[in-house]
$ cat start.tsv   # TSV, C-alpha atoms
chain	number	residue	atom	x	y	z
A	741	MET	CA	17.41	19.19	-4.75
A	742	ALA	CA	16.30	17.74	-1.41
A	743	VAL	CA	17.17	14.03	-1.34
A	744	PHE	CA	15.81	11.57	1.21
A	745	ASP	CA	16.99	8.05	1.92
A	746	PHE	CA	14.05	5.75	2.67
A	747	ASP	CA	14.80	2.94	5.13
A	748	GLY	CA	15.49	4.22	8.63
A	749	THR	CA	15.18	7.83	7.47
A	750	VAL	CA	11.74	8.49	6.01
A	751	ILE	CA	10.37	5.42	7.81
A	752	SER	CA	11.34	3.78	11.07
A	753	GLY	CA	12.77	0.34	10.37
A	754	GLN	CA	14.19	-1.44	7.34
A	755	SER	CA	11.71	-2.36	4.64
A	756	GLY	CA	13.73	-5.34	3.41
A	757	PHE	CA	13.71	-7.12	6.75
A	758	LEU	CA	10.11	-6.13	7.37
A	759	PHE	CA	9.13	-7.54	3.98
A	760	ALA	CA	10.95	-10.81	4.65
A	761	ALA	CA	9.07	-11.19	7.95
A	762	TYR	CA	5.79	-10.31	6.22
A	763	LEU	CA	6.33	-12.97	3.54
A	764	TYR	CA	7.05	-15.55	6.22
A	765	ARG	CA	3.90	-14.62	8.18
A	766	GLN	CA	1.87	-14.88	4.98
A	767	HIS	CA	3.32	-18.36	4.35
A	768	ILE	CA	4.90	-17.15	1.09
A	769	SER	CA	8.51	-17.53	2.21
A	770	SER	CA	10.04	-20.49	4.04
A	771	LEU	CA	11.70	-20.47	7.44
A	772	ALA	CA	15.02	-21.47	5.85
A	773	ARG	CA	14.90	-18.50	3.47
A	774	THR	CA	13.98	-16.15	6.31
A	775	LEU	CA	16.87	-17.40	8.45
A	776	ARG	CA	19.29	-16.89	5.56
A	777	LEU	CA	18.05	-13.31	5.31
A	778	ALA	CA	18.51	-12.86	9.06
A	779	TRP	CA	22.11	-14.03	8.75
A	780	TRP	CA	22.65	-11.55	5.92
A	781	GLY	CA	21.22	-8.81	8.15
A	782	ILE	CA	23.61	-9.68	10.97
A	783	ARG	CA	26.58	-9.43	8.60
A	784	TYR	CA	25.28	-6.10	7.31
A	785	LYS	CA	24.79	-4.69	10.82
A	786	PHE	CA	28.34	-5.54	11.86
A	787	HIS	CA	29.93	-4.37	8.57
A	788	LEU	CA	30.94	-7.89	7.62
A	789	PRO	CA	31.43	-8.87	3.96
A	790	GLN	CA	28.18	-9.45	2.04
A	791	ARG	CA	26.69	-8.91	-1.41
A	792	GLN	CA	23.91	-6.36	-1.61
A	793	GLU	CA	22.28	-8.45	-4.33
A	794	GLU	CA	22.01	-11.49	-2.06
A	795	ALA	CA	19.28	-10.07	0.19
A	796	ARG	CA	17.18	-8.97	-2.80
A	797	GLU	CA	17.65	-12.34	-4.49
A	798	LEU	CA	16.47	-14.14	-1.37
A	799	VAL	CA	13.39	-11.96	-0.88
A	800	VAL	CA	12.18	-11.95	-4.48
A	801	GLY	CA	13.10	-15.62	-4.82
A	802	ALA	CA	10.02	-16.32	-2.68
A	803	LEU	CA	7.80	-14.61	-5.28
A	804	THR	CA	9.00	-16.21	-8.50
A	805	GLU	CA	6.24	-18.83	-8.64
A	806	MET	CA	3.53	-16.17	-8.94
A	807	SER	CA	3.15	-13.70	-11.79
A	808	ALA	CA	4.90	-10.35	-11.58
A	809	ALA	CA	1.47	-8.69	-11.28
A	810	GLN	CA	0.59	-10.93	-8.34
A	811	ALA	CA	3.97	-10.24	-6.74
A	812	ASP	CA	3.37	-6.49	-7.12
A	813	GLU	CA	0.02	-6.94	-5.38
A	814	VAL	CA	1.81	-8.65	-2.48
A	815	MET	CA	4.23	-5.71	-2.27
A	816	CYS	CA	1.33	-3.26	-2.34
A	817	SER	CA	-0.44	-5.10	0.49
A	818	PHE	CA	2.81	-5.18	2.47
A	819	TYR	CA	3.23	-1.44	1.94
A	820	GLN	CA	-0.28	-0.62	3.10
A	821	ASP	CA	-0.19	-2.96	6.11
A	822	VAL	CA	3.37	-2.47	7.33
A	823	ILE	CA	5.15	0.49	5.74
A	824	ALA	CA	2.53	3.24	5.54
A	825	PRO	CA	2.12	3.47	9.34
A	826	ARG	CA	5.90	3.79	9.78
A	827	PHE	CA	6.44	7.16	8.09
A	828	ARG	CA	8.22	9.59	10.36
A	829	PRO	CA	6.13	12.76	10.80
A	830	GLU	CA	9.27	14.88	10.63
A	831	ALA	CA	10.16	13.42	7.23
A	832	LEU	CA	6.74	14.22	5.82
A	833	ALA	CA	6.93	17.75	7.23
A	834	ALA	CA	10.43	18.32	5.85
A	835	ALA	CA	9.46	17.13	2.37
A	836	GLU	CA	6.40	19.36	2.39
A	837	ARG	CA	8.48	22.34	3.48
A	838	TYR	CA	11.05	21.83	0.72
A	839	ARG	CA	8.34	21.48	-1.92
A	840	SER	CA	6.77	24.74	-0.74
A	841	GLU	CA	10.17	26.42	-1.11
A	842	GLY	CA	10.54	25.24	-4.69
A	843	TYR	CA	12.90	22.32	-4.21
A	844	VAL	CA	12.75	19.16	-6.28
A	845	VAL	CA	12.28	16.33	-3.75
A	846	LEU	CA	13.69	12.89	-4.48
A	847	LEU	CA	13.43	9.57	-2.65
A	848	VAL	CA	16.34	7.15	-3.08
A	849	SER	CA	16.21	3.61	-1.77
A	850	ALA	CA	17.57	0.09	-2.06
A	851	THR	CA	14.02	-1.24	-1.71
A	852	PHE	CA	12.03	-2.59	-4.66
A	853	VAL	CA	10.43	-0.28	-7.22
A	854	PRO	CA	6.75	-1.10	-6.43
A	855	ILE	CA	7.33	-0.25	-2.77
A	856	ALA	CA	9.39	2.87	-3.49
A	857	GLU	CA	6.80	4.16	-5.96
A	858	LEU	CA	4.09	4.08	-3.29
A	859	ALA	CA	6.43	5.61	-0.72
A	860	ALA	CA	7.40	8.45	-3.06
A	861	ALA	CA	3.73	9.27	-3.62
A	862	HIS	CA	3.15	9.29	0.16
A	863	LEU	CA	6.14	11.57	0.67
A	864	GLY	CA	5.05	13.82	-2.17
A	865	ALA	CA	8.38	13.35	-3.94
A	866	ASP	CA	8.93	14.45	-7.51
A	867	GLY	CA	10.74	11.23	-8.32
A	868	PHE	CA	12.38	8.15	-6.89
A	869	MET	CA	15.23	5.74	-7.54
A	870	ALA	CA	14.98	2.15	-6.32
A	871	THR	CA	16.20	-1.37	-7.03
A	872	ARG	CA	14.70	-3.05	-10.08
A	873	MET	CA	14.36	-6.82	-10.33
A	874	GLN	CA	14.48	-8.70	-13.61
A	875	ILE	CA	11.21	-9.94	-15.14
A	876	ALA	CA	11.12	-12.82	-17.62
A	877	ASN	CA	8.05	-14.56	-19.06
A	878	GLY	CA	5.78	-12.53	-16.81
A	879	HIS	CA	7.53	-13.54	-13.59
A	880	TYR	CA	10.15	-11.93	-11.42
A	881	THR	CA	13.46	-13.75	-11.51
A	882	SER	CA	15.73	-13.63	-8.49
A	883	HIS	CA	18.20	-11.36	-10.29
A	884	VAL	CA	18.74	-7.63	-9.80
A	885	LEU	CA	18.36	-5.60	-12.99
A	886	GLY	CA	21.30	-3.23	-13.00
A	887	SER	CA	22.60	-2.29	-9.56
A	888	VAL	CA	21.19	-2.23	-6.05
A	889	ILE	CA	20.57	1.44	-5.19
A	890	GLU	CA	22.79	1.40	-2.15
A	891	GLY	CA	26.01	3.04	-0.99
A	892	ALA	CA	27.92	4.77	-3.77
A	893	GLU	CA	25.16	3.87	-6.22
A	894	LYS	CA	22.74	6.31	-4.54
A	895	PRO	CA	24.44	9.54	-5.69
A	896	ARG	CA	24.98	7.99	-9.12
A	897	ALA	CA	21.27	7.21	-9.35
A	898	VAL	CA	20.40	10.76	-8.28
A	899	GLU	CA	22.73	12.11	-10.95
A	900	ARG	CA	21.13	9.98	-13.65
A	901	TRP	CA	17.62	11.06	-12.67
A	902	CYS	CA	18.51	14.73	-12.43
A	903	ASP	CA	20.44	14.84	-15.70
A	904	GLU	CA	17.52	13.16	-17.47
A	905	HIS	CA	14.74	15.25	-15.96
A	906	LEU	CA	16.44	18.57	-15.23
A	907	GLY	CA	19.44	18.68	-17.55
A	908	ALA	CA	23.14	18.09	-16.92
A	909	GLY	CA	24.61	20.87	-14.80
A	910	ALA	CA	21.18	22.40	-14.08
A	911	TRP	CA	20.81	21.07	-10.54
A	912	LYS	CA	22.58	20.63	-7.21
A	913	ILE	CA	21.90	18.66	-4.04
A	914	VAL	CA	21.28	21.29	-1.40
A	915	VAL	CA	20.12	18.98	1.39
A	916	ALA	CA	20.24	15.23	1.94
A	917	TYR	CA	19.03	12.94	4.70
A	918	GLY	CA	20.29	9.46	5.61
A	919	ASP	CA	20.52	7.15	8.60
A	920	HIS	CA	23.26	4.62	7.83
A	921	TYR	CA	27.00	4.75	7.20
A	922	SER	CA	26.32	3.45	3.68
A	923	ASP	CA	24.54	6.77	3.01
A	924	VAL	CA	27.79	8.72	3.39
A	925	PRO	CA	28.46	8.85	-0.40
A	926	LEU	CA	25.08	10.53	-0.83
A	927	LEU	CA	25.33	12.82	2.19
A	928	GLU	CA	28.75	14.13	1.25
A	929	GLN	CA	27.38	15.36	-2.07
A	930	ALA	CA	24.95	17.72	-0.31
A	931	GLN	CA	25.61	21.26	0.80
A	932	ALA	CA	23.83	20.41	4.05
A	933	ALA	CA	23.82	16.78	5.24
A	934	HIS	CA	21.55	15.45	7.97
A	935	ALA	CA	22.03	12.16	9.83
A	936	VAL	CA	18.65	10.85	11.00
A	937	CYS	CA	18.73	8.60	14.09
A	938	PRO	CA	22.16	7.43	12.91
A	939	GLY	CA	23.93	4.24	13.88
A	940	PRO	CA	27.27	4.57	15.72
A	941	THR	CA	29.40	4.69	12.57
A	942	LEU	CA	27.39	7.42	10.85
A	943	ALA	CA	27.03	9.35	14.13
A	944	LYS	CA	30.82	9.45	14.45
A	945	ILE	CA	31.25	10.56	10.83
A	946	ALA	CA	28.56	13.23	11.30
A	947	ARG	CA	30.36	14.65	14.34
A	948	GLN	CA	33.67	14.70	12.49
A	949	ARG	CA	32.21	16.47	9.46
A	950	GLY	CA	29.85	18.81	11.27
A	951	TRP	CA	26.69	17.29	9.85
A	952	GLU	CA	23.47	17.84	11.75
A	953	VAL	CA	22.21	14.85	13.72
A	954	LEU	CA	18.41	14.58	13.94
A	955	ASN	CA	16.57	12.35	16.40
A	956	TRP	CA	13.31	11.97	14.53
A	957	SER	CA	10.54	10.12	16.29
A	958	SER	CA	9.49	6.61	15.39
A	959	ALA	CA	6.09	6.39	13.73
$ encode --input "start.tsv" --output "structure tokens"
Amino acid sequence: MAVFDFDGTVISGQSGFLFAAYLYRQHISSLARTLRLAWWGIRYKFHLPQRQEEARELVVGALTEMSAAQADEVMCSFYQDVIAPRFRPEALAAAERYRSEGYVVLLVSATFVPIAELAAAHLGADGFMATRMQIANGHYTSHVLGSVIEGAEKPRAVERWCDEHLGAGAWKIVVAYGDHYSDVPLLEQAQAAHAVCPGPTLAKIARQRGWEVLNWSSA
């Protein structure tokens, strides 16, 4: 297995914050909601207490008045306009190299499923794991379905996917890529871990554990 984190690793930037700004520019989300998301982002950056579900609830809460199909169209437009140009060339090259060597390539992300599905296709991944939001009466609710695919949930999500598609005990994570200290639970499961443009906390952990640090270019 070759496993790639998405935000900050495969792409430059964080899709959640980019999506919040996009919704505000499109007059879909309010200034108050956007400011609440900014405050959440500050707490996240400085490792202060926060719920992972809160950011997703705030973002999708701006889409609950439209149908789920319409919301998915908004996510698709956001992906094409904002995310697609942000792919790191080195990430695309690495994924292509692993596929040519016979690896199964996976994308794992806390972003929403419609966005991750498009990103996985762009990356050429064999599968993806991402955060699912609840749908009721044809509309997204502001509730996460299951768990946010973040932190310790990332390796658990990889395990579920691999056991289902490859068989329990029939796989191993050979390489993994991440950019944030919350990716440590995933990276430490790999035989070879790579820290991509890491923040200070992950950079320190990478040095201590002998993980390779990669300074991939911004798209």
$ atom_distance --input "start.tsv" --atom1 "atom CA of Val848 of chain A" --atom2 "atom CA of Asp745 of chain A"
5.1 Å
$ closest_atom_pairs --input "start.tsv" --of "segment 827-895 of chain A" --to "segment 932-937 of chain A" --cutoff "12 Å" --atoms "all atoms listed in the file" --output "Markdown table"
| residue | atom | partner | partner_atom | distance |
| --- | --- | --- | --- | --- |
| A:Arg828 | CA | A:Val936 | CA | 10.5 |
| A:Glu830 | CA | A:Val936 | CA | 10.2 |
| A:Ala831 | CA | A:Val936 | CA | 9.6 |
| A:Ala834 | CA | A:His934 | CA | 11.7 |
$ closest_residue --input "start.tsv" --among "A:Phe852, A:Phe818, A:Tyr838, A:Phe757" --to "Ala865 of chain A" --atoms "only C-alpha atoms"
A:Tyr838
$ atom_distance --input "start.tsv" --atom1 "atom CA of Gly864 of chain A" --atom2 "atom CA of Asp923 of chain A"
21.4 Å
$ residues_around --input "start.tsv" --residues "Asp747 of chain A" --least-positions-apart "2" --cutoff "12 Å" --atoms "all atoms listed in the file" --output "JSON, numbers by chain"
{"A": [744, 745, 749, 750, 751, 752, 753, 754, 755, 756, 757, 758, 759, 823, 826, 827, 828, 831, 847, 848, 849, 850, 851, 852, 855, 856, 859, 870, 889, 890, 917, 918, 919, 920, 922, 923, 936, 937, 938]}
$ closest_residue --input "start.tsv" --among "A:Ser957, A:Gln820, A:Ser769, A:Gln792" --to "Ser887 of chain A" --atoms "all atoms listed in the file"
A:Gln792
$ closest_residue --input "start.tsv" --among "A:Arg949, A:Arg837, A:Arg791, A:His862" --to "Val884 of chain A" --atoms "all atoms listed in the file"
A:Arg791
$ residues_around --input "start.tsv" --residues "segment 796-801 of chain A" --least-positions-apart "4" --cutoff "12 Å" --atoms "all atoms listed in the file" --output "PDB file with C-alpha atoms, in the frame of the given file"
ATOM      1  CA  SER A 755      11.710  -2.360   4.640  1.00  0.00           C
ATOM      2  CA  GLY A 756      13.730  -5.340   3.410  1.00  0.00           C
ATOM      3  CA  PHE A 757      13.710  -7.120   6.750  1.00  0.00           C
ATOM      4  CA  LEU A 758      10.110  -6.130   7.370  1.00  0.00           C
ATOM      5  CA  PHE A 759       9.130  -7.540   3.980  1.00  0.00           C
ATOM      6  CA  ALA A 760      10.950 -10.810   4.650  1.00  0.00           C
ATOM      7  CA  ALA A 761       9.070 -11.190   7.950  1.00  0.00           C
ATOM      8  CA  TYR A 762       5.790 -10.310   6.220  1.00  0.00           C
ATOM      9  CA  LEU A 763       6.330 -12.970   3.540  1.00  0.00           C
ATOM     10  CA  TYR A 764       7.050 -15.550   6.220  1.00  0.00           C
ATOM     11  CA  ILE A 768       4.900 -17.150   1.090  1.00  0.00           C
ATOM     12  CA  SER A 769       8.510 -17.530   2.210  1.00  0.00           C
ATOM     13  CA  SER A 770      10.040 -20.490   4.040  1.00  0.00           C
ATOM     14  CA  LEU A 771      11.700 -20.470   7.440  1.00  0.00           C
ATOM     15  CA  ALA A 772      15.020 -21.470   5.850  1.00  0.00           C
ATOM     16  CA  ARG A 773      14.900 -18.500   3.470  1.00  0.00           C
ATOM     17  CA  THR A 774      13.980 -16.150   6.310  1.00  0.00           C
ATOM     18  CA  LEU A 775      16.870 -17.400   8.450  1.00  0.00           C
ATOM     19  CA  ARG A 776      19.290 -16.890   5.560  1.00  0.00           C
ATOM     20  CA  LEU A 777      18.050 -13.310   5.310  1.00  0.00           C
ATOM     21  CA  ALA A 778      18.510 -12.860   9.060  1.00  0.00           C
ATOM     22  CA  TRP A 779      22.110 -14.030   8.750  1.00  0.00           C
ATOM     23  CA  TRP A 780      22.650 -11.550   5.920  1.00  0.00           C
ATOM     24  CA  GLY A 781      21.220  -8.810   8.150  1.00  0.00           C
ATOM     25  CA  ARG A 791      26.690  -8.910  -1.410  1.00  0.00           C
ATOM     26  CA  GLN A 792      23.910  -6.360  -1.610  1.00  0.00           C
ATOM     27  CA  GLU A 805       6.240 -18.830  -8.640  1.00  0.00           C
ATOM     28  CA  MET A 806       3.530 -16.170  -8.940  1.00  0.00           C
ATOM     29  CA  SER A 807       3.150 -13.700 -11.790  1.00  0.00           C
ATOM     30  CA  ALA A 808       4.900 -10.350 -11.580  1.00  0.00           C
ATOM     31  CA  ALA A 811       3.970 -10.240  -6.740  1.00  0.00           C
ATOM     32  CA  ASP A 812       3.370  -6.490  -7.120  1.00  0.00           C
ATOM     33  CA  VAL A 814       1.810  -8.650  -2.480  1.00  0.00           C
ATOM     34  CA  MET A 815       4.230  -5.710  -2.270  1.00  0.00           C
ATOM     35  CA  ALA A 850      17.570   0.090  -2.060  1.00  0.00           C
ATOM     36  CA  THR A 851      14.020  -1.240  -1.710  1.00  0.00           C
ATOM     37  CA  PHE A 852      12.030  -2.590  -4.660  1.00  0.00           C
ATOM     38  CA  VAL A 853      10.430  -0.280  -7.220  1.00  0.00           C
ATOM     39  CA  ALA A 870      14.980   2.150  -6.320  1.00  0.00           C
ATOM     40  CA  THR A 871      16.200  -1.370  -7.030  1.00  0.00           C
ATOM     41  CA  ARG A 872      14.700  -3.050 -10.080  1.00  0.00           C
ATOM     42  CA  MET A 873      14.360  -6.820 -10.330  1.00  0.00           C
ATOM     43  CA  GLN A 874      14.480  -8.700 -13.610  1.00  0.00           C
ATOM     44  CA  ILE A 875      11.210  -9.940 -15.140  1.00  0.00           C
ATOM     45  CA  HIS A 879       7.530 -13.540 -13.590  1.00  0.00           C
ATOM     46  CA  TYR A 880      10.150 -11.930 -11.420  1.00  0.00           C
ATOM     47  CA  THR A 881      13.460 -13.750 -11.510  1.00  0.00           C
ATOM     48  CA  SER A 882      15.730 -13.630  -8.490  1.00  0.00           C
ATOM     49  CA  HIS A 883      18.200 -11.360 -10.290  1.00  0.00           C
ATOM     50  CA  VAL A 884      18.740  -7.630  -9.800  1.00  0.00           C
ATOM     51  CA  LEU A 885      18.360  -5.600 -12.990  1.00  0.00           C
ATOM     52  CA  SER A 887      22.600  -2.290  -9.560  1.00  0.00           C
ATOM     53  CA  VAL A 888      21.190  -2.230  -6.050  1.00  0.00           C
ATOM     54  CA  ILE A 889      20.570   1.440  -5.190  1.00  0.00           C
ATOM     55  CA  GLU A 890      22.790   1.400  -2.150  1.00  0.00           C
TER      56      GLU A 890
END
$ atom_distance --input "start.tsv" --atom1 "atom CA of Leu832 of chain A" --atom2 "atom CA of Pro854 of chain A"
19.6 Å
$ closest_residue --input "start.tsv" --among "A:Phe868, A:Leu863, A:Leu942, A:Gln931" --to "Pro829 of chain A" --atoms "only C-alpha atoms"
A:Leu863
$ closest_atom_pairs --input "start.tsv" --of "segment 784-881 of chain A" --to "segment 904-911 of chain A" --cutoff "12 Å" --atoms "only C-alpha atoms" --output "JSON lines"
{"residue": "A:Tyr843", "atom": "CA", "partner": "A:Trp911", "partner_atom": "CA", "distance": 10.2}
{"residue": "A:Val844", "atom": "CA", "partner": "A:Trp911", "partner_atom": "CA", "distance": 9.3}
{"residue": "A:Val845", "atom": "CA", "partner": "A:Trp911", "partner_atom": "CA", "distance": 11.9}
{"residue": "A:Leu846", "atom": "CA", "partner": "A:His905", "partner_atom": "CA", "distance": 11.8}
{"residue": "A:Asp866", "atom": "CA", "partner": "A:His905", "partner_atom": "CA", "distance": 10.3}
{"residue": "A:Gly867", "atom": "CA", "partner": "A:His905", "partner_atom": "CA", "distance": 9.5}
{"residue": "A:Phe868", "atom": "CA", "partner": "A:His905", "partner_atom": "CA", "distance": 11.8}
$ residues_around --input "start.tsv" --residues "segment 928-930 of chain A" --least-positions-apart "4" --cutoff "7 Å" --atoms "only C-alpha atoms" --output "MDAnalysis selection string"
chainID A and resid 913:916 924
$ write_last_selection --input "start.tsv" --atoms "C-alpha atoms" --output "JSON list (two decimals), keeping the file's coordinate frame"
[["chain", "number", "residue", "atom", "x", "y", "z"],
["A", 913, "ILE", "CA", 21.90, 18.66, -4.04],
["A", 914, "VAL", "CA", 21.28, 21.29, -1.40],
["A", 915, "VAL", "CA", 20.12, 18.98, 1.39],
["A", 916, "ALA", "CA", 20.24, 15.23, 1.94],
["A", 924, "VAL", "CA", 27.79, 8.72, 3.39]]
$ closest_residue --input "start.tsv" --among "A:Leu927, A:Ala897, A:Val743, A:Ala892" --to "Glu952 of chain A" --atoms "all atoms listed in the file"
A:Leu927
$ closest_residue --input "start.tsv" --among "A:Ser840, A:Ser958, A:Gln766, A:Gln948" --to "Ala802 of chain A" --atoms "only C-alpha atoms"
A:Gln766
$ axis_aligned_box --input "start.tsv" --around "segment 756-775 of chain A" --padding-each-side "4 Å" --output "AutoDock Vina command-line options"
--center_x 9.4 --center_y -13.4 --center_z 4.8 --size_x 23.0 --size_y 24.1 --size_z 15.4
$ decode --input "start.tsv" --residues "segment 908-938 of chain A" --atoms "N, CA and C atoms" --output "PDB file, in the first residue's frame"
ATOM      1  N   ALA A 908      -8.302  -9.427   5.030  1.00  0.00           N
ATOM      2  CA  ALA A 908      -7.588  -9.217   6.293  1.00  0.00           C
ATOM      3  C   ALA A 908      -6.246  -9.946   6.260  1.00  0.00           C
ATOM      4  N   GLY A 909      -5.192  -9.232   6.621  1.00  0.00           N
ATOM      5  CA  GLY A 909      -3.862  -9.820   6.659  1.00  0.00           C
ATOM      6  C   GLY A 909      -3.181  -9.944   5.315  1.00  0.00           C
ATOM      7  N   ALA A 910      -3.823  -9.464   4.248  1.00  0.00           N
ATOM      8  CA  ALA A 910      -3.267  -9.624   2.896  1.00  0.00           C
ATOM      9  C   ALA A 910      -2.618  -8.340   2.392  1.00  0.00           C
ATOM     10  N   TRP A 911      -2.337  -7.402   3.269  1.00  0.00           N
ATOM     11  CA  TRP A 911      -1.813  -6.113   2.832  1.00  0.00           C
ATOM     12  C   TRP A 911      -0.913  -5.522   3.914  1.00  0.00           C
ATOM     13  N   LYS A 912      -0.135  -4.528   3.544  1.00  0.00           N
ATOM     14  CA  LYS A 912       0.667  -3.767   4.498  1.00  0.00           C
ATOM     15  C   LYS A 912       0.911  -2.380   3.924  1.00  0.00           C
ATOM     16  N   ILE A 913       1.033  -1.401   4.797  1.00  0.00           N
ATOM     17  CA  ILE A 913       1.347  -0.036   4.375  1.00  0.00           C
ATOM     18  C   ILE A 913       2.863   0.066   4.248  1.00  0.00           C
ATOM     19  N   VAL A 914       3.324   0.155   3.025  1.00  0.00           N
ATOM     20  CA  VAL A 914       4.766   0.255   2.799  1.00  0.00           C
ATOM     21  C   VAL A 914       5.226   1.708   2.918  1.00  0.00           C
ATOM     22  N   VAL A 915       4.460   2.622   2.291  1.00  0.00           N
ATOM     23  CA  VAL A 915       4.824   4.036   2.348  1.00  0.00           C
ATOM     24  C   VAL A 915       3.586   4.867   2.671  1.00  0.00           C
ATOM     25  N   ALA A 916       3.803   5.962   3.380  1.00  0.00           N
ATOM     26  CA  ALA A 916       2.715   6.889   3.691  1.00  0.00           C
ATOM     27  C   ALA A 916       3.263   8.311   3.681  1.00  0.00           C
ATOM     28  N   TYR A 917       2.393   9.233   3.285  1.00  0.00           N
ATOM     29  CA  TYR A 917       2.754  10.639   3.186  1.00  0.00           C
ATOM     30  C   TYR A 917       1.753  11.477   3.973  1.00  0.00           C
ATOM     31  N   GLY A 918       2.241  12.419   4.768  1.00  0.00           N
ATOM     32  CA  GLY A 918       1.379  13.346   5.497  1.00  0.00           C
ATOM     33  C   GLY A 918       2.106  14.645   5.753  1.00  0.00           C
ATOM     34  N   ASP A 919       1.346  15.667   6.163  1.00  0.00           N
ATOM     35  CA  ASP A 919       1.955  16.991   6.349  1.00  0.00           C
ATOM     36  C   ASP A 919       1.765  17.562   7.747  1.00  0.00           C
ATOM     37  N   HIS A 920       0.906  16.947   8.552  1.00  0.00           N
ATOM     38  CA  HIS A 920       0.471  17.558   9.806  1.00  0.00           C
ATOM     39  C   HIS A 920       0.696  16.598  10.966  1.00  0.00           C
ATOM     40  N   TYR A 921       0.876  17.149  12.158  1.00  0.00           N
ATOM     41  CA  TYR A 921       1.126  16.271  13.312  1.00  0.00           C
ATOM     42  C   TYR A 921      -0.010  15.284  13.553  1.00  0.00           C
ATOM     43  N   SER A 922      -1.233  15.639  13.101  1.00  0.00           N
ATOM     44  CA  SER A 922      -2.353  14.723  13.262  1.00  0.00           C
ATOM     45  C   SER A 922      -2.231  13.505  12.352  1.00  0.00           C
ATOM     46  N   ASP A 923      -1.293  13.530  11.385  1.00  0.00           N
ATOM     47  CA  ASP A 923      -1.069  12.392  10.504  1.00  0.00           C
ATOM     48  C   ASP A 923      -0.122  11.361  11.108  1.00  0.00           C
ATOM     49  N   VAL A 924       0.419  11.646  12.280  1.00  0.00           N
ATOM     50  CA  VAL A 924       1.381  10.727  12.901  1.00  0.00           C
ATOM     51  C   VAL A 924       0.808   9.313  13.067  1.00  0.00           C
ATOM     52  N   PRO A 925      -0.446   9.143  13.534  1.00  0.00           N
ATOM     53  CA  PRO A 925      -0.968   7.772  13.655  1.00  0.00           C
ATOM     54  C   PRO A 925      -0.950   6.991  12.354  1.00  0.00           C
ATOM     55  N   LEU A 926      -1.141   7.686  11.233  1.00  0.00           N
ATOM     56  CA  LEU A 926      -1.050   7.025   9.934  1.00  0.00           C
ATOM     57  C   LEU A 926       0.399   6.759   9.562  1.00  0.00           C
ATOM     58  N   LEU A 927       1.246   7.761   9.698  1.00  0.00           N
ATOM     59  CA  LEU A 927       2.637   7.643   9.274  1.00  0.00           C
ATOM     60  C   LEU A 927       3.373   6.552  10.037  1.00  0.00           C
ATOM     61  N   GLU A 928       3.067   6.404  11.320  1.00  0.00           N
ATOM     62  CA  GLU A 928       3.799   5.413  12.104  1.00  0.00           C
ATOM     63  C   GLU A 928       3.386   3.979  11.784  1.00  0.00           C
ATOM     64  N   GLN A 929       2.345   3.812  10.980  1.00  0.00           N
ATOM     65  CA  GLN A 929       1.957   2.474  10.543  1.00  0.00           C
ATOM     66  C   GLN A 929       2.719   2.034   9.299  1.00  0.00           C
ATOM     67  N   ALA A 930       3.431   2.970   8.656  1.00  0.00           N
ATOM     68  CA  ALA A 930       4.111   2.666   7.396  1.00  0.00           C
ATOM     69  C   ALA A 930       5.549   2.216   7.634  1.00  0.00           C
ATOM     70  N   GLN A 931       6.034   1.386   6.734  1.00  0.00           N
ATOM     71  CA  GLN A 931       7.431   0.997   6.792  1.00  0.00           C
ATOM     72  C   GLN A 931       8.338   2.176   6.474  1.00  0.00           C
ATOM     73  N   ALA A 932       7.872   3.056   5.594  1.00  0.00           N
ATOM     74  CA  ALA A 932       8.617   4.266   5.253  1.00  0.00           C
ATOM     75  C   ALA A 932       7.657   5.447   5.296  1.00  0.00           C
ATOM     76  N   ALA A 933       7.876   6.356   6.225  1.00  0.00           N
ATOM     77  CA  ALA A 933       7.002   7.527   6.395  1.00  0.00           C
ATOM     78  C   ALA A 933       7.681   8.755   5.809  1.00  0.00           C
ATOM     79  N   HIS A 934       6.862   9.618   5.206  1.00  0.00           N
ATOM     80  CA  HIS A 934       7.373  10.838   4.588  1.00  0.00           C
ATOM     81  C   HIS A 934       6.550  12.020   5.092  1.00  0.00           C
ATOM     82  N   ALA A 935       7.232  13.029   5.595  1.00  0.00           N
ATOM     83  CA  ALA A 935       6.581  14.255   6.050  1.00  0.00           C
ATOM     84  C   ALA A 935       6.722  15.309   4.960  1.00  0.00           C
ATOM     85  N   VAL A 936       5.597  15.726   4.389  1.00  0.00           N
ATOM     86  CA  VAL A 936       5.597  16.650   3.251  1.00  0.00           C
ATOM     87  C   VAL A 936       5.371  18.078   3.745  1.00  0.00           C
ATOM     88  N   CYS A 937       6.352  18.948   3.511  1.00  0.00           N
ATOM     89  CA  CYS A 937       6.236  20.360   3.938  1.00  0.00           C
ATOM     90  C   CYS A 937       5.632  20.431   5.340  1.00  0.00           C
ATOM     91  N   PRO A 938       6.213  19.733   6.305  1.00  0.00           N
ATOM     92  CA  PRO A 938       5.561  19.591   7.613  1.00  0.00           C
ATOM     93  C   PRO A 938       5.571  20.874   8.423  1.00  0.00           C
TER      94      PRO A 938
END
